[in-house]
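Enquirer: Here you go, this is entry-v9.cif (mmCIF, C-alpha atoms and all ligand atoms).
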data_model
loop_
_atom_site.label_atom_id
_atom_site.label_comp_id
_atom_site.auth_asym_id
_atom_site.auth_seq_id
_atom_site.Cartn_x
_atom_site.Cartn_y
_atom_site.Cartn_z
CA MET A 1 -3.06 0.66 5.58
CA PHE A 2 0.18 0.27 3.63
CA GLU A 3 0.19 2.39 0.50
CA LEU A 4 2.78 2.21 -2.25
CA PRO A 5 5.57 4.06 -0.36
CA GLU A 6 5.27 1.71 2.62
CA CYS A 7 5.19 -1.41 0.42
CA ALA A 8 8.26 -0.20 -1.49
CA THR A 9 10.07 0.51 1.79
CA LEU A 10 9.18 -2.86 3.32
CA VAL A 11 10.27 -4.67 0.16
CA ARG A 12 13.60 -2.83 0.07
CA GLN A 13 14.20 -3.75 3.72
CA MET A 14 13.15 -7.37 3.20
CA ASN A 15 15.66 -7.62 0.37
CA GLN A 16 18.41 -6.30 2.62
CA THR A 17 17.47 -8.49 5.57
CA LEU A 18 15.72 -11.69 4.51
CA ARG A 19 17.12 -12.54 1.12
CA GLY A 20 18.88 -15.90 1.12
CA LYS A 21 17.41 -17.02 4.45
CA THR A 22 15.90 -20.51 4.64
CA VAL A 23 12.40 -21.01 6.02
CA HIS A 24 12.28 -23.28 9.02
CA ARG A 25 8.55 -23.05 9.57
CA GLY A 26 5.81 -20.98 7.99
CA ARG A 27 2.70 -20.50 10.09
CA LEU A 28 -0.62 -18.96 9.27
CA GLY A 29 -2.39 -16.87 11.88
CA ASN A 30 -3.20 -17.87 15.42
CA SER A 31 -5.43 -14.84 15.75
CA PRO A 32 -8.70 -15.37 13.89
CA HIS A 33 -9.68 -12.47 11.71
CA LYS A 34 -12.54 -12.53 9.25
CA PHE A 35 -10.92 -10.33 6.67
CA VAL A 36 -7.58 -12.06 6.32
CA TRP A 37 -7.51 -13.95 3.07
CA TYR A 38 -5.55 -17.21 2.95
CA ASN A 39 -5.46 -19.61 0.03
CA ARG A 40 -3.87 -22.53 1.93
CA SER A 41 -4.67 -24.54 5.01
CA ARG A 42 -2.22 -24.26 7.91
CA PRO A 43 -0.61 -27.71 7.35
CA GLU A 44 -0.36 -27.08 3.62
CA PHE A 45 1.28 -23.69 4.14
CA GLU A 46 3.75 -25.18 6.59
CA ARG A 47 4.62 -28.08 4.30
CA LEU A 48 5.06 -25.96 1.17
CA THR A 49 7.21 -23.27 2.78
CA ALA A 50 9.59 -25.49 4.81
CA GLY A 51 13.15 -25.44 3.48
CA LYS A 52 12.47 -22.74 0.89
CA LYS A 53 14.90 -19.86 0.37
CA VAL A 54 13.81 -16.22 0.29
CA GLY A 55 14.41 -14.66 -3.13
CA GLU A 56 14.24 -11.07 -4.29
CA ALA A 57 10.96 -9.44 -3.26
CA ALA A 58 9.09 -6.88 -5.35
CA ALA A 59 6.29 -4.37 -4.71
CA ARG A 60 3.47 -3.49 -7.06
CA GLY A 61 0.79 -1.07 -5.95
CA ARG A 62 -0.27 -2.25 -2.51
CA TRP A 63 1.05 -5.77 -3.05
CA MET A 64 4.34 -7.32 -2.00
CA PHE A 65 5.66 -10.49 -3.58
CA VAL A 66 8.25 -12.56 -1.75
CA PRO A 67 9.66 -15.52 -3.72
CA LEU A 68 10.16 -18.69 -1.67
CA GLU A 69 12.47 -20.67 -3.89
CA PRO A 70 12.26 -22.95 -5.56
CA GLY A 71 8.80 -22.71 -6.96
CA TYR A 72 6.65 -20.44 -4.76
CA VAL A 73 5.75 -16.83 -4.15
CA LEU A 74 4.24 -15.41 -0.99
CA ALA A 75 1.85 -12.60 -1.92
CA LEU A 76 1.01 -10.03 0.76
CA GLY A 77 -1.67 -7.72 -0.56
CA GLU A 78 -3.75 -4.77 0.64
CA CYS A 79 -2.38 -5.15 4.16
CA GLY A 80 -1.89 -2.63 6.92
CA GLY A 81 -0.71 -2.96 10.48
CA ARG A 82 2.69 -4.43 11.15
CA LEU A 83 5.10 -6.40 9.04
CA LEU A 84 8.08 -6.89 11.32
CA TYR A 85 11.45 -8.57 11.30
CA HIS A 86 12.52 -10.19 14.56
CA GLN A 87 16.15 -10.97 15.28
CA PRO A 88 16.96 -14.24 17.05
CA GLN A 89 16.19 -14.10 20.80
CA VAL A 90 13.90 -11.11 20.34
CA ARG A 91 10.30 -11.54 21.52
CA ARG A 92 7.77 -12.01 18.74
CA PRO A 93 4.17 -10.88 18.87
CA GLU A 94 1.90 -13.37 20.56
CA GLN A 95 -0.82 -12.83 18.02
CA TYR A 96 -0.17 -12.71 14.32
CA HIS A 97 -1.73 -13.51 10.97
CA LEU A 98 1.49 -14.82 9.51
CA LEU A 99 4.76 -15.92 11.07
CA VAL A 100 7.72 -17.16 9.05
CA GLU A 101 10.56 -18.57 11.13
CA PHE A 102 13.97 -18.91 9.53
CA ASP A 103 16.61 -21.48 10.31
CA ASP A 104 18.87 -18.87 11.92
CA SER A 105 16.07 -18.29 14.49
CA SER A 106 15.12 -14.90 13.11
CA SER A 107 11.54 -14.44 11.91
CA LEU A 108 9.05 -12.29 10.06
CA SER A 109 5.57 -11.58 11.38
CA LEU A 110 2.57 -9.87 9.86
CA THR A 111 -0.39 -8.62 11.84
CA THR A 112 -2.85 -6.76 9.69
CA GLN A 113 -5.29 -4.18 10.92
CA MET A 114 -8.26 -4.15 8.62
CA TRP A 115 -7.85 -6.89 6.05
CA GLY A 116 -5.22 -8.33 3.76
CA ALA A 117 -4.21 -11.25 1.56
CA MET A 118 -1.48 -13.66 2.70
CA GLU A 119 -1.41 -16.20 -0.04
CA LEU A 120 1.10 -18.70 -1.33
CA PHE A 121 1.19 -19.29 -5.08
CA GLU A 122 3.14 -21.52 -7.39
CA GLN A 123 5.61 -19.16 -9.01
CA GLY A 124 3.94 -17.15 -11.77
CA LYS A 125 0.40 -17.95 -10.61
CA GLU A 126 0.41 -14.90 -8.34
CA GLN A 127 0.27 -12.77 -11.48
CA GLU A 128 -3.05 -14.36 -12.36
CA ARG A 129 -4.69 -13.47 -9.06
CA LYS A 130 -7.70 -11.19 -9.13
CA TYR A 131 -6.67 -7.53 -8.61
CA VAL A 132 -3.06 -8.34 -9.58
CA LYS A 133 -3.80 -9.59 -13.07
CA ASP A 134 -5.73 -6.53 -14.17
CA MET A 135 -3.76 -3.98 -12.20
CA ARG A 136 -3.37 -0.70 -14.01
CA SER A 137 -0.10 1.28 -14.14
CA THR A 138 1.11 2.43 -10.75
CA PRO A 139 2.69 5.88 -10.23
CA VAL A 140 6.22 4.42 -10.26
CA ASP A 141 5.76 2.42 -13.47
CA LYS A 142 7.41 3.60 -16.69
CA GLY A 143 4.01 3.57 -18.35
CA PHE A 144 2.59 6.11 -15.89
CA THR A 145 3.12 9.10 -18.16
CA PHE A 146 0.96 12.22 -18.32
CA GLN A 147 -0.50 10.95 -21.57
CA TYR A 148 -1.50 7.69 -19.88
CA PHE A 149 -2.92 9.56 -16.87
CA SER A 150 -4.99 11.93 -18.99
CA GLY A 151 -6.28 8.96 -21.01
CA LEU A 152 -7.23 7.21 -17.76
CA ILE A 153 -9.32 10.21 -16.71
CA ASP A 154 -11.07 10.26 -20.09
CA GLU A 155 -11.78 6.55 -19.80
CA LEU A 156 -13.16 6.82 -16.26
CA LEU A 157 -15.36 9.73 -17.22
CA GLN A 158 -17.21 7.81 -19.89
CA GLY A 159 -20.77 7.80 -18.66
CA GLN A 160 -19.70 8.41 -15.06
CA ARG A 161 -19.45 11.39 -12.79
CA ARG A 162 -16.41 11.22 -10.57
CA SER A 163 -14.56 13.50 -8.23
CA VAL A 164 -10.85 13.97 -7.74
CA LYS A 165 -10.96 11.95 -4.54
CA ALA A 166 -12.76 9.10 -6.31
CA LEU A 167 -9.99 8.96 -8.91
CA LEU A 168 -7.33 8.74 -6.21
CA THR A 169 -8.97 6.34 -3.78
CA GLN A 170 -11.60 4.19 -5.47
CA GLU A 171 -11.36 0.94 -7.40
CA GLN A 172 -7.57 1.17 -7.43
CA SER A 173 -7.70 3.23 -10.60
CA ILE A 174 -4.25 4.36 -9.56
CA PRO A 175 -2.89 1.31 -7.72
CA GLY A 176 -0.87 1.98 -4.61
CA LEU A 177 -2.67 5.10 -3.48
CA GLY A 178 -5.02 5.19 -0.52
CA ASN A 179 -6.92 7.69 1.56
CA SER A 180 -3.81 8.91 3.40
CA LEU A 181 -1.46 9.98 0.64
CA ALA A 182 -4.44 11.14 -1.45
CA GLN A 183 -5.03 14.03 0.99
CA ASP A 184 -1.54 15.44 0.42
CA ILE A 185 -1.77 14.86 -3.32
CA MET A 186 -4.97 16.92 -3.55
CA PHE A 187 -3.37 19.68 -1.47
CA ARG A 188 -0.24 19.72 -3.64
CA ALA A 189 -2.44 19.89 -6.73
CA GLY A 190 -4.64 22.65 -5.23
CA LEU A 191 -7.80 20.62 -5.86
CA HIS A 192 -10.82 20.15 -3.61
CA PRO A 193 -11.65 16.46 -2.92
CA ARG A 194 -15.19 16.89 -4.32
CA ARG A 195 -14.08 18.68 -7.45
CA PRO A 196 -15.65 16.92 -10.46
CA LEU A 197 -12.99 15.31 -12.65
CA ALA A 198 -14.86 16.41 -15.75
CA GLU A 199 -14.18 20.06 -14.87
CA LEU A 200 -10.39 19.79 -14.73
CA THR A 201 -8.52 21.86 -17.27
CA ARG A 202 -5.51 20.38 -19.00
CA ALA A 203 -3.25 22.42 -16.71
CA GLU A 204 -5.05 21.04 -13.63
CA ARG A 205 -4.73 17.49 -14.91
CA ARG A 206 -1.02 18.09 -15.30
CA LYS A 207 -0.75 19.55 -11.80
CA LEU A 208 -2.59 16.54 -10.36
CA TYR A 209 -0.34 14.16 -12.27
CA GLN A 210 2.77 15.88 -10.96
CA ALA A 211 1.39 15.89 -7.42
CA ILE A 212 0.80 12.11 -7.57
CA VAL A 213 4.28 11.34 -8.86
CA SER A 214 6.08 13.72 -6.51
CA ALA A 215 4.16 12.69 -3.37
CA VAL A 216 4.75 8.99 -4.04
CA ARG A 217 8.45 9.58 -4.75
CA GLU A 218 8.97 11.74 -1.70
CA ALA A 219 7.13 9.40 0.67
CA THR A 220 9.06 6.41 -0.72
CA ALA A 221 12.42 8.16 -0.41
CA LYS A 222 11.58 8.99 3.21
CA GLY A 223 10.72 5.40 4.09
CA GLY A 224 6.92 5.73 4.11
CA ARG A 225 4.47 7.77 6.18
CA CYS A 226 5.29 8.69 9.77
CA ASP A 227 2.15 6.97 11.06
CA GLU A 228 3.23 3.59 9.67
CA LEU A 229 6.07 1.35 10.83
CA ASP A 230 8.85 -0.13 8.75
CA LEU A 231 10.23 -3.68 8.93
CA PHE A 232 12.22 -2.78 12.06
CA GLY A 233 9.31 -1.12 13.87
CA ARG A 234 10.46 2.44 13.16
CA PRO A 235 8.06 5.09 11.87
CA GLY A 236 8.58 6.39 8.34
CA GLY A 237 10.01 9.86 7.72
CA TYR A 238 7.21 11.30 5.59
CA GLU A 239 5.19 13.81 7.63
CA ARG A 240 1.68 14.20 6.27
CA ILE A 241 0.49 17.72 5.54
CA MET A 242 -3.27 17.06 5.54
CA CYS A 243 -4.29 14.60 8.26
CA SER A 244 -6.13 14.27 11.59
CA GLU A 245 -3.12 15.81 13.36
CA THR A 246 -3.22 18.98 11.27
CA ALA A 247 -7.03 19.40 11.11
CA GLY A 248 -7.98 22.76 12.64
CA GLN A 249 -4.38 23.99 12.28
CA PRO A 250 -3.32 26.73 9.84
CA CYS A 251 -2.58 25.68 6.26
CA PRO A 252 1.20 25.82 5.63
CA GLU A 253 0.61 27.79 2.41
CA CYS A 254 -2.03 30.39 3.29
CA GLY A 255 -2.78 30.12 7.02
CA ALA A 256 -6.49 29.25 6.60
CA LYS A 257 -7.83 26.62 8.99
CA ILE A 258 -7.50 23.06 7.65
CA GLU A 259 -10.95 21.49 7.37
CA LYS A 260 -12.14 17.97 7.99
CA GLN A 261 -15.06 16.35 6.18
CA ALA A 262 -16.35 12.80 5.77
CA TYR A 263 -16.60 11.95 2.10
CA LEU A 264 -16.51 8.72 0.07
CA GLY A 265 -15.80 6.25 2.83
CA GLY A 266 -13.03 8.11 4.61
CA THR A 267 -12.24 11.47 6.11
CA CYS A 268 -10.92 14.28 3.92
CA TYR A 269 -8.58 16.98 5.20
CA PHE A 270 -8.15 20.03 3.03
CA CYS A 271 -7.50 23.76 2.87
CA PRO A 272 -10.70 25.61 1.90
CA LYS A 273 -8.65 28.40 0.31
CA CYS A 274 -5.86 26.57 -1.53
CA GLN A 275 -8.08 23.71 -2.73
CA GLN A 276 -10.87 24.95 -5.00
ZN ZN B 1 -4.19 27.07 2.20
#
Would you mind writing the file's structure down as C-alpha cells?
Ligand SMILES: [Zn+2]

Expert:
Amino acid sequence: MFELPECATLVRQMNQTLRGKTVHRGRLGNSPHKFVWYNRSRPEFERLTAGKKVGEAAARGRWMFVPLEPGYVLALGECGGRLLYHQPQVRRPEQYHLLVEFDDSSSLSLTTQMWGAMELFEQGKEQERKYVKDMRSTPVDKGFTFQYFSGLIDELLQGQRRSVKALLTQEQSIPGLGNSLAQDIMFRAGLHPRRPLAELTRAERRKLYQAIVSAVREATAKGGRCDELDLFGRPGGYERIMCSETAGQPCPECGAKIEKQAYLGGTCYFCPKCQQ
C-alpha cells in the first residue's frame, strides 16, 4: 500500500518523466478486480483522455493527482502495488488496472494490490470527491503543527477511547500514514501500539508528533519504503525498523526481542522494552 512517502516519490518522478507528454490512448483495466474504483466506462475514459497533455502532478495523503490538460485530472487514490513507467519498446505488464499510452510510445501502468481509485474528473471536481474533500492536514502540510496535532487528539478523544495505533492508522485521521510507517513512528516515539491516547502526557504527545514528522520526511527523502517500488521499478531506500523482517530480531536500541502481535486489522511490530 502506498503511503505518503511513496506517493510523494511517485509524483516527483512523474513530474520529471511524464510532464508535457501527450496521451495517445488511456485504457482502464483488462484485469477485473472488485476493489478497483472507476468513475468512467472504458470508452468514455479513452475518449476523454486522448490528446490530453500531462500537467504537473501533486500528492496529498495517499492520493496522487495528475492533470490531463486541458480540463481533466486523473486521481489515483489509496492504491498499492505498482505504478510503473515504461520506455518505448519495453514490455508492459499484460495485466493492469490502468494503462496510459503516450504518443512517443512510452506508457504508464498501474496494477493495484488491494484496492484503489482510478478516476477521471473535470478539473477541480476531484477536490469534491469523498475522502479528498474532507481530508485533514497531512504531516507535510504547513498546518500540521504541534498545536494542530494536540487539538486533533483532544477532538478524537471526545467520547471515544482510542489507542496510539488507532490514531495513526484508522479513519485517515492523519492522512498519508498506514500500517507500515506507523510501526516505525511508534518505535521512534517509544509508545506501545495499544497505549491509550488519553494517557499521553504533553511530552509524549510532542514525541509522537516529532516521530510522525521525522519518519515521513526521512522516508520521503529516501524515495519511499524499501518494500515498495518507485516509478522505475526500483525499491525505495527507507529500511523499516519494525516489520516482519525484523520480528524476533534484537531491538536496535536495547537488544530486546522485537515482538509481533495482531491488533486493529493489521500486524504490529514493537519492542516490549522501548515501547511502554
Ligand atoms: Zn528496545

Enquirer: What do you get as JSON, numbers by chain if you pick all residues at most 12 Å from ligand ZN 1 (chain B), counting all atoms listed in the file?

Expert: {"A": [186, 187, 188, 189, 190, 191, 192, 241, 242, 248, 249, 250, 251, 252, 253, 254, 255, 256, 257, 258, 259, 269, 270, 271, 272, 273, 274, 275, 276]}

Enquirer: Fewer than 6 positions away in the same chain doesn't count, so skip those; otherwise give me all residues within 9 Å of Gly233 of chain A, counting all atoms listed in the file, as a ChimeraX atom specification.

Expert: /A:82-85

Enquirer: Please list as number ranges by chain every residue within 6 Å of segment 39-47 of chain A, counting only C-alpha atoms and excluding residues in the same chain fewer than 3 positions away.

Expert: A: 26-28, 50, 119

Enquirer: Using all atoms listed in the file, can you tell me which of A:Arg136, A:Lys125, A:Lys142, A:Arg194 comes closest to Gln172 of chain A?

Expert: A:Arg136

Enquirer: As an exercise, work out the distance from atom CA of Asn179 of chain A to atom CA of Leu110 of chain A in Å and give it to one decimal place.

Expert: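 The value is 21.6 Å.
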
Enquirer: Residues within 10 Å of Leu264 of chain A, please, as a PyMOL selection string. Count only C-alpha atoms; anything in the same chain fewer than 5 positions from it doesn't count.

Expert: chain A and resi 163+165-166+169-170+179+193-194

Enquirer: Which is closer to Ala203 of chain A than all the others in A:Ser150, A:Glu171, A:Phe2, A:Arg217, using only C-alpha atoms?

Expert: A:Ser150

Enquirer: Around (2.0, -3.6, -8.1), as given in the file, which residues come within 8 Å? Count all atoms listed in the file and list them as a PyMOL selection string.

Expert: chain A and resi 59-64+132+135+138+175-176

Enquirer: The selected residues should be written to file as a PDB file, keeping the file's coordinate frame (atoms: C-alpha atoms).

Expert:
ATOM      1  CA  ALA A  59       6.290  -4.370  -4.710  1.00  0.00           C
ATOM      2  CA  ARG A  60       3.470  -3.490  -7.060  1.00  0.00           C
ATOM      3  CA  GLY A  61       0.790  -1.070  -5.950  1.00  0.00           C
ATOM      4  CA  ARG A  62      -0.270  -2.250  -2.510  1.00  0.00           C
ATOM      5  CA  TRP A  63       1.050  -5.770  -3.050  1.00  0.00           C
ATOM      6  CA  MET A  64       4.340  -7.320  -2.000  1.00  0.00           C
ATOM      7  CA  VAL A 132      -3.060  -8.340  -9.580  1.00  0.00           C
ATOM      8  CA  MET A 135      -3.760  -3.980 -12.200  1.00  0.00           C
ATOM      9  CA  THR A 138       1.110   2.430 -10.750  1.00  0.00           C
ATOM     10  CA  PRO A 175      -2.890   1.310  -7.720  1.00  0.00           C
ATOM     11  CA  GLY A 176      -0.870   1.980  -4.610  1.00  0.00           C
TER      12      GLY A 176
END

Enquirer: Measure the distance from atom CA of Glu155 of chain A to atom CA of Ile174 of chain A in Å and round it to one decimal.

Expert: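 So the answer is 12.9 Å.
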
Enquirer: Using only C-alpha atoms, list the residues that have an atom at most 6 Å from (7.5, 12.9, 10.9), coordinates as in the file, as a list in words.

Expert: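 Residues found, by chain and rising number: Cys226, Gly237, Tyr238 and Glu239 of chain A.
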
Enquirer: Closest to Ser214 of chain A among A:Lys130, A:Ile185, A:Glu94, A:Met14, using all atoms listed in the file?

Expert: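 Of all the options, A:Ile185 lies closest to Ser214 of chain A.
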
Enquirer: Looking at A:Pro88, A:Gly178, A:Gly71, A:Gly223, which one is nearest to Phe121 of chain A, with distances taken over only C-alpha atoms?

Expert: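 Among the listed residues, the smallest separation from Phe121 of chain A belongs to A:Gly71.
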
Enquirer: Measuring atom to atom with all atoms listed in the file, identify which of A:Gly143, A:Gln87, A:Cys268, A:Ala198 is nearest to Gly159 of chain A.

Expert: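 Using all atoms listed in the file, Gly159 of chain A sits closest to A:Ala198.
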
Enquirer: Model the absent atoms of segment 142-163 of chain A so that N, CA, C and O atoms are present, and write the result as an mmCIF file, in the frame of the given file.

Expert:
data_model
loop_
_atom_site.group_PDB
_atom_site.id
_atom_site.type_symbol
_atom_site.label_atom_id
_atom_site.label_comp_id
_atom_site.auth_asym_id
_atom_site.auth_seq_id
_atom_site.Cartn_x
_atom_site.Cartn_y
_atom_site.Cartn_z
ATOM 1 N N LYS A 142 6.990 2.815 -15.520
ATOM 2 C CA LYS A 142 7.410 3.600 -16.690
ATOM 3 C C LYS A 142 6.203 4.082 -17.502
ATOM 4 O O LYS A 142 6.210 5.176 -18.055
ATOM 5 N N GLY A 143 5.184 3.245 -17.545
ATOM 6 C CA GLY A 143 4.010 3.570 -18.350
ATOM 7 C C GLY A 143 3.122 4.669 -17.762
ATOM 8 O O GLY A 143 2.181 5.121 -18.408
ATOM 9 N N PHE A 144 3.430 5.097 -16.542
ATOM 10 C CA PHE A 144 2.590 6.110 -15.890
ATOM 11 C C PHE A 144 3.033 7.501 -16.344
ATOM 12 O O PHE A 144 3.597 8.290 -15.586
ATOM 13 N N THR A 145 2.753 7.798 -17.586
ATOM 14 C CA THR A 145 3.120 9.100 -18.160
ATOM 15 C C THR A 145 1.912 10.021 -18.058
ATOM 16 O O THR A 145 0.800 9.571 -17.744
ATOM 17 N N PHE A 146 2.104 11.301 -18.362
ATOM 18 C CA PHE A 146 0.960 12.220 -18.320
ATOM 19 C C PHE A 146 -0.076 11.817 -19.358
ATOM 20 O O PHE A 146 -1.281 11.883 -19.110
ATOM 21 N N GLN A 147 0.424 11.372 -20.499
ATOM 22 C CA GLN A 147 -0.500 10.950 -21.570
ATOM 23 C C GLN A 147 -1.387 9.788 -21.085
ATOM 24 O O GLN A 147 -2.596 9.786 -21.290
ATOM 25 N N TYR A 148 -0.747 8.823 -20.419
ATOM 26 C CA TYR A 148 -1.500 7.690 -19.880
ATOM 27 C C TYR A 148 -2.529 8.181 -18.855
ATOM 28 O O TYR A 148 -3.697 7.798 -18.874
ATOM 29 N N PHE A 149 -2.076 9.068 -17.957
ATOM 30 C CA PHE A 149 -2.920 9.560 -16.870
ATOM 31 C C PHE A 149 -4.146 10.314 -17.414
ATOM 32 O O PHE A 149 -5.278 10.111 -16.968
ATOM 33 N N SER A 150 -3.903 11.159 -18.403
ATOM 34 C CA SER A 150 -4.990 11.930 -18.990
ATOM 35 C C SER A 150 -5.984 10.992 -19.693
ATOM 36 O O SER A 150 -7.204 11.171 -19.610
ATOM 37 N N GLY A 151 -5.442 9.970 -20.347
ATOM 38 C CA GLY A 151 -6.280 8.960 -21.010
ATOM 39 C C GLY A 151 -7.117 8.189 -19.991
ATOM 40 O O GLY A 151 -8.277 7.851 -20.241
ATOM 41 N N LEU A 152 -6.514 7.920 -18.830
ATOM 42 C CA LEU A 152 -7.230 7.210 -17.760
ATOM 43 C C LEU A 152 -8.428 8.047 -17.289
ATOM 44 O O LEU A 152 -9.532 7.525 -17.112
ATOM 45 N N ILE A 153 -8.211 9.339 -17.124
ATOM 46 C CA ILE A 153 -9.320 10.210 -16.710
ATOM 47 C C ILE A 153 -10.430 10.190 -17.768
ATOM 48 O O ILE A 153 -11.609 10.017 -17.433
ATOM 49 N N ASP A 154 -10.055 10.304 -19.023
ATOM 50 C CA ASP A 154 -11.070 10.260 -20.090
ATOM 51 C C ASP A 154 -11.855 8.953 -20.043
ATOM 52 O O ASP A 154 -13.074 8.939 -20.167
ATOM 53 N N GLU A 155 -11.130 7.868 -19.845
ATOM 54 C CA GLU A 155 -11.780 6.550 -19.800
ATOM 55 C C GLU A 155 -12.748 6.454 -18.620
ATOM 56 O O GLU A 155 -13.879 6.000 -18.773
ATOM 57 N N LEU A 156 -12.312 6.913 -17.450
ATOM 58 C CA LEU A 156 -13.160 6.820 -16.260
ATOM 59 C C LEU A 156 -14.373 7.737 -16.338
ATOM 60 O O LEU A 156 -15.387 7.496 -15.689
ATOM 61 N N LEU A 157 -14.254 8.779 -17.130
ATOM 62 C CA LEU A 157 -15.360 9.730 -17.220
ATOM 63 C C LEU A 157 -16.459 9.297 -18.171
ATOM 64 O O LEU A 157 -17.528 9.892 -18.193
ATOM 65 N N GLN A 158 -16.200 8.236 -18.935
ATOM 66 C CA GLN A 158 -17.210 7.810 -19.890
ATOM 67 C C GLN A 158 -18.475 7.342 -19.165
ATOM 68 O O GLN A 158 -18.479 6.305 -18.515
ATOM 69 N N GLY A 159 -19.492 8.150 -19.264
ATOM 70 C CA GLY A 159 -20.770 7.800 -18.660
ATOM 71 C C GLY A 159 -20.787 7.839 -17.150
ATOM 72 O O GLY A 159 -21.700 7.326 -16.521
ATOM 73 N N GLN A 160 -19.777 8.413 -16.519
ATOM 74 C CA GLN A 160 -19.700 8.410 -15.060
ATOM 75 C C GLN A 160 -19.300 9.773 -14.560
ATOM 76 O O GLN A 160 -18.456 10.427 -15.163
ATOM 77 N N ARG A 161 -19.909 10.172 -13.437
ATOM 78 C CA ARG A 161 -19.450 11.390 -12.790
ATOM 79 C C ARG A 161 -18.522 10.970 -11.677
ATOM 80 O O ARG A 161 -18.854 10.115 -10.879
ATOM 81 N N ARG A 162 -17.358 11.552 -11.627
ATOM 82 C CA ARG A 162 -16.410 11.220 -10.570
ATOM 83 C C ARG A 162 -15.718 12.462 -10.068
ATOM 84 O O ARG A 162 -15.549 13.427 -10.800
ATOM 85 N N SER A 163 -15.283 12.372 -8.819
ATOM 86 C CA SER A 163 -14.560 13.500 -8.230
ATOM 87 C C SER A 163 -13.070 13.179 -8.219
ATOM 88 O O SER A 163 -12.658 12.052 -8.506
#
